[in-house]
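Only one structure is covered here, and it is reproduced in the block below.
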Amino acid sequence: MNEHVTFGAWSSEELKSTLLRGLNEPLLDEGVADIEALFVNVVHVLRKSSLMNNGLSENERAVFFLSPTAPEEIKKNYPVKQERFLHTGKAKLCSKVWFVSSSVQRGGFLDFEPSEFDNELNALLETELAKIPAAFFDPSPEGGTIYLYRNGLDENYSDCVSLPSLLVSSESIKSLLDDVYEGTLKTPSCASEAGAKIWNDSSKWHPAESVEKVIQGRLKSCFYRAFSMNLFALSEISTAEGRLDLLLQSHGNALGTLHNHALLELKALTSFSHTGKTPYGDSTNLEAISKGVLQATVYKDVHRPLHTMLCCFDMSKDEHDDDYWFSATQKEAEEKGIFQWRWRLYNSADSFRSSVYGSLKDN
């Protein structure tokens with residue numbers, strides 16, 4: 001006779017069920033078809049991997065074939081590796097072709113470089129794999145989509161589900177900053193309409209007093225709860241190493257966890273003080289950029305964000321390109337993984353037109 005085991009007030013089955021729910025394990029009724037179970041469990045392991053690894057690669061696809069072992073034809077031509085702990089979420093899933101059972105607990109895989117993945121997959125589909133049911137993950141900056149192919153990849157997909165991004169991509173951040181620039185910073189008129197005082201006397205290229213703080217406030221309000229993930233922007237965070245300008249952060253799924261999406265260090269490049277009494281040469285602005293890279297490097301080590309950016313808002317009278325402003329810091333920034341971005345703030349609509357369209361006069 002089997003003894004009924006209890007754990008306090010719970011039976012063993014109640015405890016098991018509670019633990020599974022606490023781990024977000026998919027709970028499937030008995031009798032669910034293998035292909036349906038594959039779809040649910042692939043979604044589950046991709047989500048868990050995203051949580052464990054601070055997101056999935058935006059450029060790396062993955063395919064999960066409903067085949068516990070790789071077909072013999074594949075084994076003859078490719079080295080099939082094994083992963084026993086898919087269910088933990090720690091395994092790297094993307095840029096791989098997987099051979100799994102419906103539980104997606106373990107499996108064999110073929111490992112490809114991201115640049116080779118599509119060509120290699122097309123070659124594999126010349127074999128019997130084309131008819132095997134599969135789940136296909138197509139990533140994107142927004143997270144990606146998982147497609148279910150009940151009749152194999154040679155047929156149309158039958159279901160799909162979105163996998164929300166855990167962390168904001170650098171491309172998404174750059175796009176939002178571009179929008180803020182176009183709508184509220186590019187010229188004095190659009191800044192005035194948006195209620196952002198960034199010039200004290202634009203005709204003389206005199207910036208507003210504490211213009212970096214003005215820009216910081218504009219960005220902070222635009223980042224608040226952006227990207228559909230309750231994102232909020234923290235400003236002037238002070239540590240022993242100094243005060244950073246903006247830290248983009250969100251709450252994690254588990255209580256007490258936070259995600260640091262990006263750290264933004266802001267610099268305004270100006271030719272004058274706000275009163276116009278103190279002129280600044282290019283050397284002063286180049287020193288500010290070098291200082292900004294150092295600050296971003298230090299703050300990155302402290303706060304460990306996914307992305308770190310030095311954002312320069314160019315209000316200088318003489319116009320120069322990115323190569324001019326970033327030539328001295330480019331190598332260091334690349335080595336430290338810091339983006340260097342610049343936006344040109346014009347002192348008038350006429351200045352903007354002359355800069356962007358002036359060459360048309362010569363045509």
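Labeling convention for the structure tokens: chains A, B, ... as they appear, residues from 1 per chain, ligands from 1 in order of appearance.
For segment 154-245 of chain A, backbone-based DSSP assignment of strand (DSSP E) covers Asp159, Cys160, Val161, Ser162, Trp199, Asn200, Asp201, His206, Pro207, Phe232, Ala233, Leu234, Ser235, Glu236, Ile237, Ser238, Thr239, Gly242, Arg243, Leu244 and Asp245 of chain A.
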Worksheet entry | Who sits within 12 Å of Leu125 of chain A, only C-alpha atoms, same chain under 2 positions skipped, as a ChimeraX atom specification | /A:63,65,73-74,97,118-123,127-132,134,152-155
Worksheet entry | Selection: 8 Å around Asp314 of chain A, only C-alpha atoms, excl. self and same-chain fewer than 5 positions, as a count of residues only | 7
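Around Gln330 of chain A, within 12 Å and counting only C-alpha atoms, the residues found are Ile289, Ser290, Val293, Leu310, Asp322, Asp323, Tyr324, Trp325, Phe326, Ser327, Ala328, Glu332, Ala333, Glu334, Glu335, Lys336, Gly337, Ile338, Phe339, Gln340 and Trp341 of chain A, once anything fewer than 2 positions away on its own chain is removed.
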Worksheet entry | Long-range neighbours of segment 239-241 of chain A as number ranges by chain, 9 Å cut-off, only C-alpha atoms, 5 positions minimum in chain | A: 295, 298-299, 302
Print the selection's residues with N, CA, C and O atoms to a file, as a tab-separated table (two decimals), in the first residue's frame.
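Full text of out24.tsv as output:
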chain	number	residue	atom	x	y	z
A	295	GLN	N	32.91	59.40	-17.61
A	295	GLN	CA	31.78	59.29	-16.68
A	295	GLN	C	30.90	58.10	-17.02
A	295	GLN	O	30.50	57.33	-16.14
A	298	VAL	N	32.55	54.81	-15.93
A	298	VAL	CA	32.51	54.59	-14.48
A	298	VAL	C	31.10	54.24	-14.02
A	298	VAL	O	30.89	53.28	-13.27
A	299	TYR	N	30.12	55.00	-14.49
A	299	TYR	CA	28.74	54.74	-14.06
A	299	TYR	C	28.25	53.39	-14.58
A	299	TYR	O	27.44	52.72	-13.93
A	302	VAL	N	29.28	50.73	-12.24
A	302	VAL	CA	28.55	50.77	-10.97
A	302	VAL	C	27.13	50.22	-11.13
A	302	VAL	O	26.66	49.40	-10.33
Item to complete: Between A:Gly252, A:Glu60, A:Ser158, A:Ala33, single out the one closest to Phe112 of chain A, counting only C-alpha atoms.
Response: A:Glu60
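Comparing the minimum interatomic distances between Phe137 of chain A and each of A:Lys76, A:Lys331, A:Lys317, A:Arg61, counting only C-alpha atoms, we find that A:Arg61 sits nearest.
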Hey, could you make a per-residue contact list for segment 227-332 of chain A against segment 182-204 of chain A with 12 Å as the cut-off, showing the nearest pair of atoms and its distance in Å to one decimal, counting only C-alpha atoms, sorted by chain and number, as CSV?
residue,atom,partner,partner_atom,distance
A:Ala268,CA,A:Ile198,CA,10.3
A:Thr270,CA,A:Trp199,CA,10.7
A:Ser271,CA,A:Lys204,CA,9.7
A:Phe272,CA,A:Lys204,CA,8.9
A:Ser273,CA,A:Asn200,CA,9.6
A:His274,CA,A:Asn200,CA,6.1
A:Thr275,CA,A:Asn200,CA,7.6
A:Gly276,CA,A:Lys204,CA,7.9
A:Lys277,CA,A:Lys204,CA,11.3
A:Pro279,CA,A:Lys204,CA,11.4
A:Phe313,CA,A:Leu185,CA,9.1
A:Asp314,CA,A:Lys186,CA,10.0
A:Met315,CA,A:Trp199,CA,9.2
A:Ser316,CA,A:Lys204,CA,10.6
A:Lys317,CA,A:Lys204,CA,8.7
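Of the residues listed (A:Lys213, A:Lys90, A:Lys96, A:His303), A:Lys96 shows the shortest atom-to-atom separation from Ala62 of chain A; distances use only C-alpha atoms.
Atom CA of Ser57 of chain A is positioned 12.8 Å from atom CA of Thr145 of chain A.
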Worksheet entry | Picked from segment 7-177 of chain A by DSSP as alpha helix (DSSP H), as a PyMOL selection string | chain A and resi 12-22+34-52+72-77+117-124+170-177
Discussion item. Which residues are near segment 355-357 of chain A? Cut-off 12 Å, only C-alpha atoms, ignore same chain within fewer than 5 positions. Put them as an MDAnalysis selection string.
Written reply: chainID A and resid 317:321 344:350 362:363
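Counting only C-alpha atoms and comparing A:Asn59, A:Ser175, A:Ser103, A:Gln82, the residue that lies closest to Glu36 of chain A is A:Ser103.
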Discussion item. One decimal, in Å: what's the spacing between atom CA of Lys174 of chain A and atom CA of Leu306 of chain A?
Written reply: 14.1 Å
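Note that the spacing between atom CA of Asn285 of chain A and atom CA of Ser210 of chain A amounts to 15.5 Å.
The protein and nucleic acid residues lying at most 8 Å from Pro305 of chain A are His259, Asn260, His261, Ala262, Leu263, Lys300, His303, His307 and Thr308 of chain A, with only C-alpha atoms considered and sequence neighbours fewer than 2 positions away removed.
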Serialized selection, C-alpha atoms, as a tab-separated table (two decimals), in the first residue's frame:
chain	number	residue	atom	x	y	z
A	259	HIS	CA	16.12	45.90	-14.80
A	260	ASN	CA	18.58	48.65	-15.74
A	261	HIS	CA	17.91	49.11	-19.43
A	262	ALA	CA	20.18	52.02	-20.25
A	263	LEU	CA	22.35	54.73	-18.79
A	300	LYS	CA	28.35	51.68	-16.29
A	303	HIS	CA	25.00	50.34	-12.31
A	307	HIS	CA	23.18	49.88	-22.79
A	308	THR	CA	25.30	52.96	-22.09
